[in-house]
file final.pdb (PDB, C-alpha atoms, pLDDT in the B column)
ATOM      1  CA  MET I   1       0.000   0.000   0.000  1.00 97.00           C
ATOM      2  CA  GLU I   2       1.119   3.531  -0.741  1.00 97.00           C
ATOM      3  CA  VAL I   3      -0.434   6.712   0.563  1.00 98.00           C
ATOM      4  CA  LYS I   4       0.111  10.207  -0.807  1.00 98.00           C
ATOM      5  CA  ILE I   5      -1.406  13.256   0.831  1.00 98.00           C
ATOM      6  CA  LEU I   6      -1.971  16.303  -1.380  1.00 97.00           C
ATOM      7  CA  LYS I   7      -3.004  19.536   0.324  1.00 96.00           C
ATOM      8  CA  GLU I   8      -4.906  21.578  -2.242  1.00 94.00           C
ATOM      9  CA  THR I   9      -6.547  24.952  -1.749  1.00 93.00           C
ATOM     10  CA  THR I  10     -10.067  23.699  -1.092  1.00 95.00           C
ATOM     11  CA  GLU I  11      -9.486  20.096  -0.047  1.00 97.00           C
ATOM     12  CA  THR I  12      -6.967  17.605   1.222  1.00 98.00           C
ATOM     13  CA  VAL I  13      -6.723  14.516  -0.987  1.00 98.00           C
ATOM     14  CA  VAL I  14      -5.404  11.200   0.279  1.00 98.00           C
ATOM     15  CA  MET I  15      -4.443   8.959  -2.659  1.00 98.00           C
ATOM     16  CA  ILE I  16      -4.522   5.320  -1.548  1.00 98.00           C
ATOM     17  CA  GLU I  17      -2.845   2.762  -3.789  1.00 98.00           C
ATOM     18  CA  GLY I  18      -2.745  -1.042  -3.458  1.00 97.00           C
ATOM     19  CA  ARG I  19      -4.189  -3.120  -0.633  1.00 96.00           C
ATOM     20  CA  VAL I  20      -5.582  -1.973   2.694  1.00 97.00           C
ATOM     21  CA  ASP I  21      -5.712  -5.122   4.807  1.00 95.00           C
ATOM     22  CA  THR I  22      -4.907  -6.215   8.351  1.00 94.00           C
ATOM     23  CA  VAL I  23      -1.191  -5.819   7.559  1.00 95.00           C
ATOM     24  CA  THR I  24      -1.296  -2.331   6.048  1.00 96.00           C
ATOM     25  CA  ALA I  25      -4.278  -0.730   7.838  1.00 96.00           C
ATOM     26  CA  PRO I  26      -2.188   0.482  10.835  1.00 96.00           C
ATOM     27  CA  GLU I  27       0.017   2.454   8.440  1.00 97.00           C
ATOM     28  CA  LEU I  28      -3.014   4.075   6.803  1.00 98.00           C
ATOM     29  CA  HIS I  29      -4.330   4.948  10.263  1.00 97.00           C
ATOM     30  CA  GLU I  30      -1.009   6.535  11.193  1.00 98.00           C
ATOM     31  CA  GLN I  31      -0.979   8.662   8.049  1.00 97.00           C
ATOM     32  CA  VAL I  32      -4.577   9.897   8.074  1.00 98.00           C
ATOM     33  CA  SER I  33      -5.373  10.246  11.776  1.00 97.00           C
ATOM     34  CA  PRO I  34      -3.430  13.558  12.155  1.00 97.00           C
ATOM     35  CA  LEU I  35      -5.867  15.028   9.572  1.00 97.00           C
ATOM     36  CA  TRP I  36      -8.801  14.266  11.906  1.00 96.00           C
ATOM     37  CA  ASN I  37      -7.757  17.190  14.097  1.00 94.00           C
ATOM     38  CA  GLU I  38      -8.103  19.818  11.370  1.00 95.00           C
ATOM     39  CA  ALA I  39     -11.434  21.527  12.083  1.00 95.00           C
ATOM     40  CA  GLY I  40     -13.590  22.150   9.012  1.00 96.00           C
ATOM     41  CA  ILE I  41     -11.351  20.133   6.677  1.00 97.00           C
ATOM     42  CA  THR I  42     -12.660  18.778   3.374  1.00 98.00           C
ATOM     43  CA  LEU I  43     -10.950  15.410   3.262  1.00 98.00           C
ATOM     44  CA  VAL I  44     -11.069  13.232   0.153  1.00 98.00           C
ATOM     45  CA  PHE I  45      -9.925   9.632  -0.094  1.00 98.00           C
ATOM     46  CA  ASP I  46      -9.115   9.028  -3.756  1.00 98.00           C
ATOM     47  CA  CYS I  47      -9.582   5.275  -4.263  1.00 98.00           C
ATOM     48  CA  GLU I  48      -8.849   5.038  -7.989  1.00 97.00           C
ATOM     49  CA  LYS I  49      -5.849   2.787  -7.326  1.00 97.00           C
ATOM     50  CA  LEU I  50      -7.222   1.097  -4.214  1.00 98.00           C
ATOM     51  CA  GLU I  51      -7.274  -2.579  -5.200  1.00 96.00           C
ATOM     52  CA  TYR I  52      -8.610  -4.131  -2.027  1.00 96.00           C
ATOM     53  CA  VAL I  53     -10.014  -3.071   1.325  1.00 96.00           C
ATOM     54  CA  SER I  54     -10.857  -5.412   4.191  1.00 94.00           C
ATOM     55  CA  SER I  55     -12.854  -4.611   7.309  1.00 91.00           C
ATOM     56  CA  SER I  56      -9.712  -3.223   8.960  1.00 92.00           C
ATOM     57  CA  GLY I  57      -9.674  -0.539   6.255  1.00 95.00           C
ATOM     58  CA  LEU I  58     -13.419   0.002   6.495  1.00 93.00           C
ATOM     59  CA  ARG I  59     -12.993   0.711  10.216  1.00 91.00           C
ATOM     60  CA  ILE I  60     -10.488   3.482   9.432  1.00 95.00           C
ATOM     61  CA  ILE I  61     -12.852   4.945   6.841  1.00 96.00           C
ATOM     62  CA  LEU I  62     -15.724   4.943   9.335  1.00 93.00           C
ATOM     63  CA  SER I  63     -13.532   6.487  12.055  1.00 93.00           C
ATOM     64  CA  THR I  64     -12.351   9.144   9.604  1.00 97.00           C
ATOM     65  CA  HIS I  65     -15.938  10.001   8.677  1.00 96.00           C
ATOM     66  CA  LYS I  66     -16.957  10.278  12.334  1.00 94.00           C
ATOM     67  CA  MET I  67     -13.960  12.362  13.408  1.00 95.00           C
ATOM     68  CA  VAL I  68     -14.007  14.749  10.430  1.00 97.00           C
ATOM     69  CA  THR I  69     -17.751  15.428  10.547  1.00 96.00           C
ATOM     70  CA  ALA I  70     -17.646  15.867  14.337  1.00 95.00           C
ATOM     71  CA  LYS I  71     -15.284  18.808  13.742  1.00 96.00           C
ATOM     72  CA  GLY I  72     -17.481  20.401  11.099  1.00 97.00           C
ATOM     73  CA  GLY I  73     -15.588  18.975   8.138  1.00 97.00           C
ATOM     74  CA  LYS I  74     -16.580  16.975   5.075  1.00 97.00           C
ATOM     75  CA  PHE I  75     -15.394  13.504   4.186  1.00 98.00           C
ATOM     76  CA  ILE I  76     -15.646  12.280   0.591  1.00 98.00           C
ATOM     77  CA  LEU I  77     -14.707   9.017  -1.120  1.00 97.00           C
ATOM     78  CA  ARG I  78     -13.826   9.358  -4.784  1.00 97.00           C
ATOM     79  CA  HIS I  79     -13.193   7.042  -7.751  1.00 97.00           C
ATOM     80  CA  LEU I  80     -14.109   3.677  -6.201  1.00 96.00           C
ATOM     81  CA  THR I  81     -13.468   0.612  -8.369  1.00 95.00           C
ATOM     82  CA  ALA I  82     -16.395  -1.749  -8.958  1.00 93.00           C
ATOM     83  CA  GLU I  83     -15.071  -4.321  -6.458  1.00 92.00           C
ATOM     84  CA  VAL I  84     -14.433  -1.787  -3.715  1.00 95.00           C
ATOM     85  CA  ARG I  85     -17.810  -0.181  -4.358  1.00 94.00           C
ATOM     86  CA  SER I  86     -19.529  -3.533  -3.920  1.00 92.00           C
ATOM     87  CA  VAL I  87     -17.986  -3.916  -0.439  1.00 92.00           C
ATOM     88  CA  PHE I  88     -19.297  -0.471   0.450  1.00 93.00           C
ATOM     89  CA  GLU I  89     -22.743  -1.504  -0.736  1.00 92.00           C
ATOM     90  CA  LEU I  90     -22.636  -4.821   1.111  1.00 90.00           C
ATOM     91  CA  THR I  91     -21.715  -3.146   4.400  1.00 89.00           C
ATOM     92  CA  GLY I  92     -24.169  -0.255   4.015  1.00 89.00           C
ATOM     93  CA  PHE I  93     -21.297   2.248   3.899  1.00 89.00           C
ATOM     94  CA  SER I  94     -22.515   3.534   0.533  1.00 91.00           C
ATOM     95  CA  ARG I  95     -25.688   4.804   2.252  1.00 90.00           C
ATOM     96  CA  ILE I  96     -23.925   6.718   5.023  1.00 90.00           C
ATOM     97  CA  LEU I  97     -20.826   8.089   3.312  1.00 94.00           C
ATOM     98  CA  THR I  98     -20.440  10.619   0.507  1.00 96.00           C
ATOM     99  CA  ILE I  99     -19.219   8.806  -2.597  1.00 96.00           C
ATOM    100  CA  GLN I 100     -18.359  10.682  -5.789  1.00 93.00           C
TER     101      GLN I 100
ATOM    102  CA  MET D   1      -8.584 -29.982  -6.320  1.00 90.00           C
ATOM    103  CA  GLU D   2      -7.347 -29.545  -2.775  1.00 95.00           C
ATOM    104  CA  LYS D   3      -4.684 -27.154  -1.494  1.00 96.00           C
ATOM    105  CA  THR D   4      -3.458 -26.364   1.973  1.00 98.00           C
ATOM    106  CA  LEU D   5      -1.765 -23.262   3.316  1.00 98.00           C
ATOM    107  CA  VAL D   6      -0.082 -23.260   6.707  1.00 98.00           C
ATOM    108  CA  LEU D   7       0.424 -19.894   8.376  1.00 97.00           C
ATOM    109  CA  GLN D   8       2.012 -18.768  11.606  1.00 96.00           C
ATOM    110  CA  ASN D   9      -0.113 -16.719  13.976  1.00 95.00           C
ATOM    111  CA  GLU D  10       1.493 -13.427  12.964  1.00 94.00           C
ATOM    112  CA  ILE D  11      -0.124 -10.524  11.140  1.00 93.00           C
ATOM    113  CA  PRO D  12       2.403 -10.291   8.248  1.00 94.00           C
ATOM    114  CA  GLU D  13       1.347 -13.846   7.295  1.00 95.00           C
ATOM    115  CA  ILE D  14      -1.878 -12.347   5.911  1.00 95.00           C
ATOM    116  CA  SER D  15       0.136 -11.379   2.808  1.00 94.00           C
ATOM    117  CA  LYS D  16       0.710 -15.094   2.093  1.00 96.00           C
ATOM    118  CA  LEU D  17      -3.020 -15.682   2.399  1.00 97.00           C
ATOM    119  CA  ALA D  18      -3.685 -13.074  -0.311  1.00 95.00           C
ATOM    120  CA  LEU D  19      -1.208 -14.813  -2.643  1.00 96.00           C
ATOM    121  CA  PHE D  20      -2.783 -18.207  -1.915  1.00 98.00           C
ATOM    122  CA  ILE D  21      -6.235 -16.894  -2.865  1.00 97.00           C
ATOM    123  CA  ASP D  22      -4.921 -15.180  -6.003  1.00 96.00           C
ATOM    124  CA  GLU D  23      -3.299 -18.454  -7.113  1.00 97.00           C
ATOM    125  CA  LEU D  24      -6.471 -20.360  -6.375  1.00 97.00           C
ATOM    126  CA  GLY D  25      -8.436 -17.836  -8.432  1.00 97.00           C
ATOM    127  CA  GLU D  26      -6.085 -18.258 -11.370  1.00 97.00           C
ATOM    128  CA  GLU D  27      -6.089 -22.054 -11.192  1.00 96.00           C
ATOM    129  CA  LEU D  28      -9.850 -22.294 -11.024  1.00 96.00           C
ATOM    130  CA  GLY D  29     -10.612 -19.353 -13.311  1.00 96.00           C
ATOM    131  CA  LEU D  30     -12.641 -17.544 -10.640  1.00 96.00           C
ATOM    132  CA  SER D  31     -14.001 -14.065 -11.368  1.00 95.00           C
ATOM    133  CA  PRO D  32     -12.076 -11.079  -9.933  1.00 93.00           C
ATOM    134  CA  GLU D  33     -15.149 -10.249  -7.838  1.00 92.00           C
ATOM    135  CA  LEU D  34     -15.241 -13.705  -6.274  1.00 95.00           C
ATOM    136  CA  VAL D  35     -11.479 -13.631  -5.609  1.00 96.00           C
ATOM    137  CA  PHE D  36     -11.928 -10.240  -3.922  1.00 96.00           C
ATOM    138  CA  ASN D  37     -14.800 -11.536  -1.787  1.00 96.00           C
ATOM    139  CA  LEU D  38     -12.957 -14.718  -0.800  1.00 97.00           C
ATOM    140  CA  ASN D  39     -10.021 -12.543   0.198  1.00 96.00           C
ATOM    141  CA  LEU D  40     -12.309 -10.500   2.438  1.00 95.00           C
ATOM    142  CA  VAL D  41     -13.865 -13.534   4.088  1.00 96.00           C
ATOM    143  CA  LEU D  42     -10.677 -15.513   4.648  1.00 97.00           C
ATOM    144  CA  GLU D  43      -8.746 -12.484   5.876  1.00 96.00           C
ATOM    145  CA  GLU D  44     -11.455 -11.901   8.482  1.00 93.00           C
ATOM    146  CA  ALA D  45     -11.434 -15.494   9.628  1.00 95.00           C
ATOM    147  CA  VAL D  46      -7.638 -15.856   9.694  1.00 96.00           C
ATOM    148  CA  SER D  47      -6.937 -12.465  11.288  1.00 93.00           C
ATOM    149  CA  ASN D  48      -9.418 -13.295  14.074  1.00 91.00           C
ATOM    150  CA  VAL D  49      -7.370 -16.388  14.874  1.00 94.00           C
ATOM    151  CA  ILE D  50      -4.044 -14.520  14.632  1.00 94.00           C
ATOM    152  CA  LEU D  51      -5.236 -11.676  16.854  1.00 90.00           C
ATOM    153  CA  TYR D  52      -7.270 -13.496  19.481  1.00 89.00           C
ATOM    154  CA  ALA D  53      -6.719 -17.256  19.612  1.00 92.00           C
ATOM    155  CA  TYR D  54      -3.319 -17.434  21.317  1.00 93.00           C
ATOM    156  CA  PRO D  55      -1.552 -15.669  24.179  1.00 92.00           C
ATOM    157  CA  LYS D  56       1.001 -13.082  23.038  1.00 88.00           C
ATOM    158  CA  GLY D  57       4.361 -14.584  22.108  1.00 88.00           C
ATOM    159  CA  GLU D  58       2.987 -18.095  21.557  1.00 91.00           C
ATOM    160  CA  HIS D  59       3.852 -19.345  18.076  1.00 92.00           C
ATOM    161  CA  GLU D  60       1.422 -21.759  16.504  1.00 94.00           C
ATOM    162  CA  ASN D  61       0.376 -22.864  13.050  1.00 95.00           C
ATOM    163  CA  ILE D  62      -2.968 -22.155  11.452  1.00 97.00           C
ATOM    164  CA  SER D  63      -4.071 -24.390   8.609  1.00 98.00           C
ATOM    165  CA  LEU D  64      -6.349 -23.440   5.725  1.00 98.00           C
ATOM    166  CA  THR D  65      -7.487 -26.077   3.267  1.00 98.00           C
ATOM    167  CA  ALA D  66      -9.272 -25.144   0.060  1.00 98.00           C
ATOM    168  CA  LYS D  67     -11.220 -27.763  -1.815  1.00 97.00           C
ATOM    169  CA  LYS D  68     -13.278 -27.539  -4.968  1.00 96.00           C
ATOM    170  CA  THR D  69     -16.129 -29.907  -5.581  1.00 93.00           C
ATOM    171  CA  GLU D  70     -18.405 -29.896  -8.578  1.00 91.00           C
ATOM    172  CA  ASN D  71     -20.494 -26.963  -7.428  1.00 93.00           C
ATOM    173  CA  GLN D  72     -18.853 -25.625  -4.293  1.00 96.00           C
ATOM    174  CA  LEU D  73     -15.657 -24.104  -2.974  1.00 97.00           C
ATOM    175  CA  LEU D  74     -14.991 -25.279   0.562  1.00 98.00           C
ATOM    176  CA  PHE D  75     -12.498 -23.764   3.000  1.00 98.00           C
ATOM    177  CA  VAL D  76     -11.596 -25.373   6.311  1.00 98.00           C
ATOM    178  CA  LEU D  77      -9.673 -23.246   8.792  1.00 98.00           C
ATOM    179  CA  THR D  78      -8.140 -25.080  11.744  1.00 98.00           C
ATOM    180  CA  ASP D  79      -6.264 -23.776  14.773  1.00 97.00           C
ATOM    181  CA  THR D  80      -5.392 -25.063  18.227  1.00 96.00           C
ATOM    182  CA  GLY D  81      -6.123 -21.784  20.021  1.00 95.00           C
ATOM    183  CA  LYS D  82      -8.721 -21.081  22.665  1.00 95.00           C
ATOM    184  CA  GLU D  83     -12.265 -22.096  21.876  1.00 94.00           C
ATOM    185  CA  PHE D  84     -13.950 -19.416  19.815  1.00 90.00           C
ATOM    186  CA  ASP D  85     -17.104 -19.739  17.769  1.00 91.00           C
ATOM    187  CA  PRO D  86     -17.318 -16.788  15.352  1.00 88.00           C
ATOM    188  CA  THR D  87     -20.801 -17.867  14.273  1.00 88.00           C
ATOM    189  CA  GLN D  88     -22.063 -16.778  17.704  1.00 87.00           C
ATOM    190  CA  MET D  89     -20.820 -13.202  17.225  1.00 81.00           C
ATOM    191  CA  PRO D  90     -23.518 -10.602  16.600  1.00 78.00           C
ATOM    192  CA  ASP D  91     -23.558  -8.938  13.185  1.00 73.00           C
ATOM    193  CA  ALA D  92     -22.878  -5.248  12.805  1.00 72.00           C
ATOM    194  CA  ASP D  93     -26.148  -3.382  12.195  1.00 74.00           C
ATOM    195  CA  VAL D  94     -25.568  -2.021   8.704  1.00 72.00           C
ATOM    196  CA  ASN D  95     -28.736   0.057   8.701  1.00 76.00           C
ATOM    197  CA  LEU D  96     -27.663   2.530  11.367  1.00 77.00           C
ATOM    198  CA  ALA D  97     -26.631   6.131  10.642  1.00 72.00           C
ATOM    199  CA  ALA D  98     -22.882   6.741  10.448  1.00 67.00           C
ATOM    200  CA  GLU D  99     -22.772   8.324  13.892  1.00 66.00           C
ATOM    201  CA  ASP D 100     -24.334   5.240  15.455  1.00 70.00           C
ATOM    202  CA  ARG D 101     -22.366   2.635  13.549  1.00 69.00           C
ATOM    203  CA  GLN D 102     -20.030   0.564  15.670  1.00 66.00           C
ATOM    204  CA  ILE D 103     -16.451   0.187  14.534  1.00 61.00           C
ATOM    205  CA  GLY D 104     -16.456  -3.608  15.033  1.00 63.00           C
ATOM    206  CA  GLY D 105     -18.714  -6.496  13.989  1.00 74.00           C
ATOM    207  CA  LEU D 106     -18.188  -6.057  10.263  1.00 83.00           C
ATOM    208  CA  GLY D 107     -15.983  -9.107   9.856  1.00 84.00           C
ATOM    209  CA  ILE D 108     -18.528 -11.763  10.746  1.00 86.00           C
ATOM    210  CA  PHE D 109     -21.204  -9.822   8.874  1.00 88.00           C
ATOM    211  CA  LEU D 110     -19.099  -9.979   5.692  1.00 91.00           C
ATOM    212  CA  ILE D 111     -18.460 -13.694   6.166  1.00 94.00           C
ATOM    213  CA  ARG D 112     -22.190 -14.415   6.510  1.00 92.00           C
ATOM    214  CA  GLN D 113     -23.122 -12.187   3.567  1.00 92.00           C
ATOM    215  CA  ILE D 114     -20.610 -13.637   1.144  1.00 95.00           C
ATOM    216  CA  MET D 115     -20.526 -17.343   2.031  1.00 97.00           C
ATOM    217  CA  ASN D 116     -23.351 -19.870   1.690  1.00 97.00           C
ATOM    218  CA  GLN D 117     -22.145 -22.137   4.477  1.00 97.00           C
ATOM    219  CA  VAL D 118     -20.569 -21.044   7.784  1.00 96.00           C
ATOM    220  CA  GLU D 119     -20.093 -23.790  10.378  1.00 97.00           C
ATOM    221  CA  TYR D 120     -18.015 -24.017  13.507  1.00 97.00           C
ATOM    222  CA  GLN D 121     -16.960 -27.149  15.386  1.00 97.00           C
ATOM    223  CA  ARG D 122     -14.641 -27.754  18.321  1.00 97.00           C
ATOM    224  CA  ILE D 123     -12.880 -31.049  17.634  1.00 97.00           C
ATOM    225  CA  ASP D 124     -10.130 -32.517  19.854  1.00 97.00           C
ATOM    226  CA  GLY D 125      -9.025 -29.144  21.167  1.00 96.00           C
ATOM    227  CA  ARG D 126      -9.089 -27.515  17.761  1.00 97.00           C
ATOM    228  CA  ASN D 127     -11.295 -24.814  16.287  1.00 97.00           C
ATOM    229  CA  VAL D 128     -12.577 -25.925  12.898  1.00 98.00           C
ATOM    230  CA  LEU D 129     -14.343 -23.300  10.811  1.00 98.00           C
ATOM    231  CA  THR D 130     -15.886 -24.492   7.557  1.00 98.00           C
ATOM    232  CA  LEU D 131     -16.803 -21.893   4.955  1.00 98.00           C
ATOM    233  CA  GLY D 132     -18.553 -22.865   1.737  1.00 98.00           C
ATOM    234  CA  LYS D 133     -19.285 -20.855  -1.380  1.00 98.00           C
ATOM    235  CA  ASP D 134     -21.634 -22.187  -4.039  1.00 97.00           C
ATOM    236  CA  LEU D 135     -20.322 -21.907  -7.575  1.00 92.00           C
TER     237      LEU D 135
END

call {"tool": "encode", "arguments": {"input": "final.pdb", "output": "structure tokens"}}
result
Amino acid sequence: MEVKILKETTETVVMIEGRVDTVTAPELHEQVSPLWNEAGITLVFDCEKLEYVSSSGLRIILSTHKMVTAKGGKFILRHLTAEVRSVFELTGFSRILTIQ
Amino acid sequence: MEKTLVLQNEIPEISKLALFIDELGEELGLSPELVFNLNLVLEEAVSNVILYAYPKGEHENISLTAKKTENQLLFVLTDTGKEFDPTQMPDADVNLAAEDRQIGGLGIFLIRQIMNQVEYQRIDGRNVLTLGKDL
């Protein structure tokens, strides 16, 4: 898994590439959790190159949504592949999160 | 067709599991979606064992056997850890609003959603979890 964080003028984009599983999820958590403290942030997870996400990754996504919105921010998921999207549908995440 | 993978109870071993499932998918010509879903299910089951079945520092093997019959893929996961029946775990409630959603409980929910057969047995001091997927 590789994570790149791009701070743009109106939003912060986290590009996630590869697999988010039980092995790599702690690293994703370490990289994104500092962003939870930025009040009013618009945080985007760009999942175009996200090949796989297990429940350990889904937990980080849910935590990110809760923490960002609690501080008045917006959390957006962008460019989900068909397989990743189907996991979001199966778990009901597609109904509670903003997906573009 | 029958294949067995033996893993140690350590988190980095999950990477071997992913390779095992990819190979299985190639051998059997499974769809990318099914390979993805099997990855999800087996990672949940195996990581549960790695994280919770043994005291810290105790090194044990976990065995996963994959078998294909005419119309079913069958996985049997065996470990010698403490007795744990994942089929008794409550599902996450996937209909709640984001604020009310619990962080845990998704693993067993995914297993039940994706697989057609989920059975647990305790046999001779071993946990035996059988997971079947109709083809």

call {"tool": "closest_residue", "arguments": {"input": "final.pdb", "among": "I:Leu80, I:Val23, I:Met67, I:Leu50", "to": "chain D", "atoms": "all atoms listed in the file"}}
result
I:Val23

call {"tool": "interface_residues", "arguments": {"input": "final.pdb", "of": "chain D", "to": "chain I", "cutoff": "12 Å", "atoms": "only C-alpha atoms", "output": "count of residues only"}}
result
53

call {"tool": "residues_around", "arguments": {"input": "final.pdb", "residues": "Leu24 of chain D", "least_positions_apart": "4", "cutoff": "9 Å", "atoms": "all atoms listed in the file", "output": "mmCIF file with C-alpha atoms, keeping the file's coordinate frame"}}
result
data_model
loop_
_atom_site.group_PDB
_atom_site.id
_atom_site.type_symbol
_atom_site.label_atom_id
_atom_site.label_comp_id
_atom_site.auth_asym_id
_atom_site.auth_seq_id
_atom_site.Cartn_x
_atom_site.Cartn_y
_atom_site.Cartn_z
ATOM 1 C CA LYS D 3 -4.684 -27.154 -1.494
ATOM 2 C CA LEU D 19 -1.208 -14.813 -2.643
ATOM 3 C CA PHE D 20 -2.783 -18.207 -1.915
ATOM 4 C CA LEU D 28 -9.850 -22.294 -11.024
ATOM 5 C CA GLY D 29 -10.612 -19.353 -13.311
ATOM 6 C CA LEU D 30 -12.641 -17.544 -10.640
ATOM 7 C CA VAL D 35 -11.479 -13.631 -5.609
ATOM 8 C CA ALA D 66 -9.272 -25.144 0.060
#

call {"tool": "atom_distance", "arguments": {"input": "final.pdb", "atom1": "atom CA of Val44 of chain I", "atom2": "atom CA of Ile76 of chain I"}}
result
4.7 Å

call {"tool": "atom_distance", "arguments": {"input": "final.pdb", "atom1": "atom CA of Glu11 of chain I", "atom2": "atom CA of Gln31 of chain I"}}
result
16.4 Å

call {"tool": "atom_distance", "arguments": {"input": "final.pdb", "atom1": "atom CA of Leu73 of chain D", "atom2": "atom CA of Lys133 of chain D"}}
result
5.1 Å

call {"tool": "resolve_selection", "arguments": {"input": "final.pdb", "expression": "the PyMOL selection byres ((chain D and resi 135) around 6)", "output": "PyMOL selection string"}}
result
chain D and resi 71-72+134

call {"tool": "resolve_selection", "arguments": {"input": "final.pdb", "expression": "the PyMOL selection byres ((chain I and resi 73) around 7)", "output": "list in words"}}
result
Ala39, Gly40, Ile41, Thr42, Val68, Thr69, Lys71, Gly72, Lys74 and Phe75 of chain I

call {"tool": "resolve_selection", "arguments": {"input": "final.pdb", "expression": "the PyMOL selection byres ((chain D and resi 1) around 8)", "output": "list in words"}}
result
Glu2, Lys3, Lys67, Lys68 and Thr69 of chain D

call {"tool": "closest_residue", "arguments": {"input": "final.pdb", "among": "I:Val20, I:Leu43, I:Leu35, I:Leu28", "to": "Glu8 of chain I", "atoms": "only C-alpha atoms"}}
result
I:Leu43

call {"tool": "decode", "arguments": {"input": "final.pdb", "residues": "segment 26-41 of chain I", "atoms": "N, CA, C and O atoms", "output": "short mmCIF file (atom, residue, chain, number, x, y, z; two decimals), in the first residue's frame"}}
result
data_model
loop_
_atom_site.label_atom_id
_atom_site.label_comp_id
_atom_site.auth_asym_id
_atom_site.auth_seq_id
_atom_site.Cartn_x
_atom_site.Cartn_y
_atom_site.Cartn_z
N PRO I 26 -2.78 -0.40 9.81
CA PRO I 26 -2.19 0.48 10.83
C PRO I 26 -1.39 1.64 10.23
O PRO I 26 -1.39 2.75 10.78
N GLU I 27 -0.75 1.39 9.08
CA GLU I 27 0.02 2.45 8.44
C GLU I 27 -0.92 3.54 7.89
O GLU I 27 -0.64 4.74 8.00
N LEU I 28 -2.04 3.10 7.30
CA LEU I 28 -3.01 4.08 6.80
C LEU I 28 -3.54 4.92 7.97
O LEU I 28 -3.65 6.15 7.88
N HIS I 29 -3.84 4.25 9.08
CA HIS I 29 -4.33 4.95 10.26
C HIS I 29 -3.32 6.01 10.73
O HIS I 29 -3.69 7.15 11.02
N GLU I 30 -2.07 5.62 10.74
CA GLU I 30 -1.01 6.54 11.19
C GLU I 30 -0.92 7.77 10.29
O GLU I 30 -0.72 8.89 10.76
N GLN I 31 -1.11 7.54 8.99
CA GLN I 31 -0.98 8.66 8.05
C GLN I 31 -2.19 9.60 8.06
O GLN I 31 -2.03 10.80 7.90
N VAL I 32 -3.39 9.02 8.21
CA VAL I 32 -4.58 9.90 8.07
C VAL I 32 -5.08 10.46 9.40
O VAL I 32 -5.71 11.52 9.41
N SER I 33 -4.78 9.78 10.51
CA SER I 33 -5.37 10.25 11.78
C SER I 33 -4.94 11.67 12.17
O SER I 33 -5.75 12.38 12.79
N PRO I 34 -3.73 12.16 11.82
CA PRO I 34 -3.43 13.56 12.16
C PRO I 34 -4.38 14.54 11.46
O PRO I 34 -4.63 15.64 11.98
N LEU I 35 -4.96 14.14 10.31
CA LEU I 35 -5.87 15.03 9.57
C LEU I 35 -7.21 15.17 10.29
O LEU I 35 -7.96 16.12 10.04
N TRP I 36 -7.52 14.22 11.18
CA TRP I 36 -8.80 14.27 11.91
C TRP I 36 -8.90 15.51 12.79
O TRP I 36 -9.99 15.93 13.16
N ASN I 37 -7.75 16.06 13.16
CA ASN I 37 -7.76 17.19 14.10
C ASN I 37 -7.97 18.54 13.42
O ASN I 37 -8.09 19.55 14.10
N GLU I 38 -7.97 18.54 12.07
CA GLU I 38 -8.10 19.82 11.37
C GLU I 38 -9.58 20.19 11.24
O GLU I 38 -10.30 19.63 10.41
N ALA I 39 -10.01 21.14 12.06
CA ALA I 39 -11.43 21.53 12.08
C ALA I 39 -11.85 22.07 10.72
O ALA I 39 -11.11 22.84 10.10
N GLY I 40 -13.02 21.64 10.26
CA GLY I 40 -13.59 22.15 9.01
C GLY I 40 -12.91 21.65 7.75
O GLY I 40 -13.18 22.14 6.65
N ILE I 41 -12.09 20.65 7.85
CA ILE I 41 -11.35 20.13 6.68
C ILE I 41 -12.31 19.48 5.66
O ILE I 41 -13.35 18.92 6.06
#
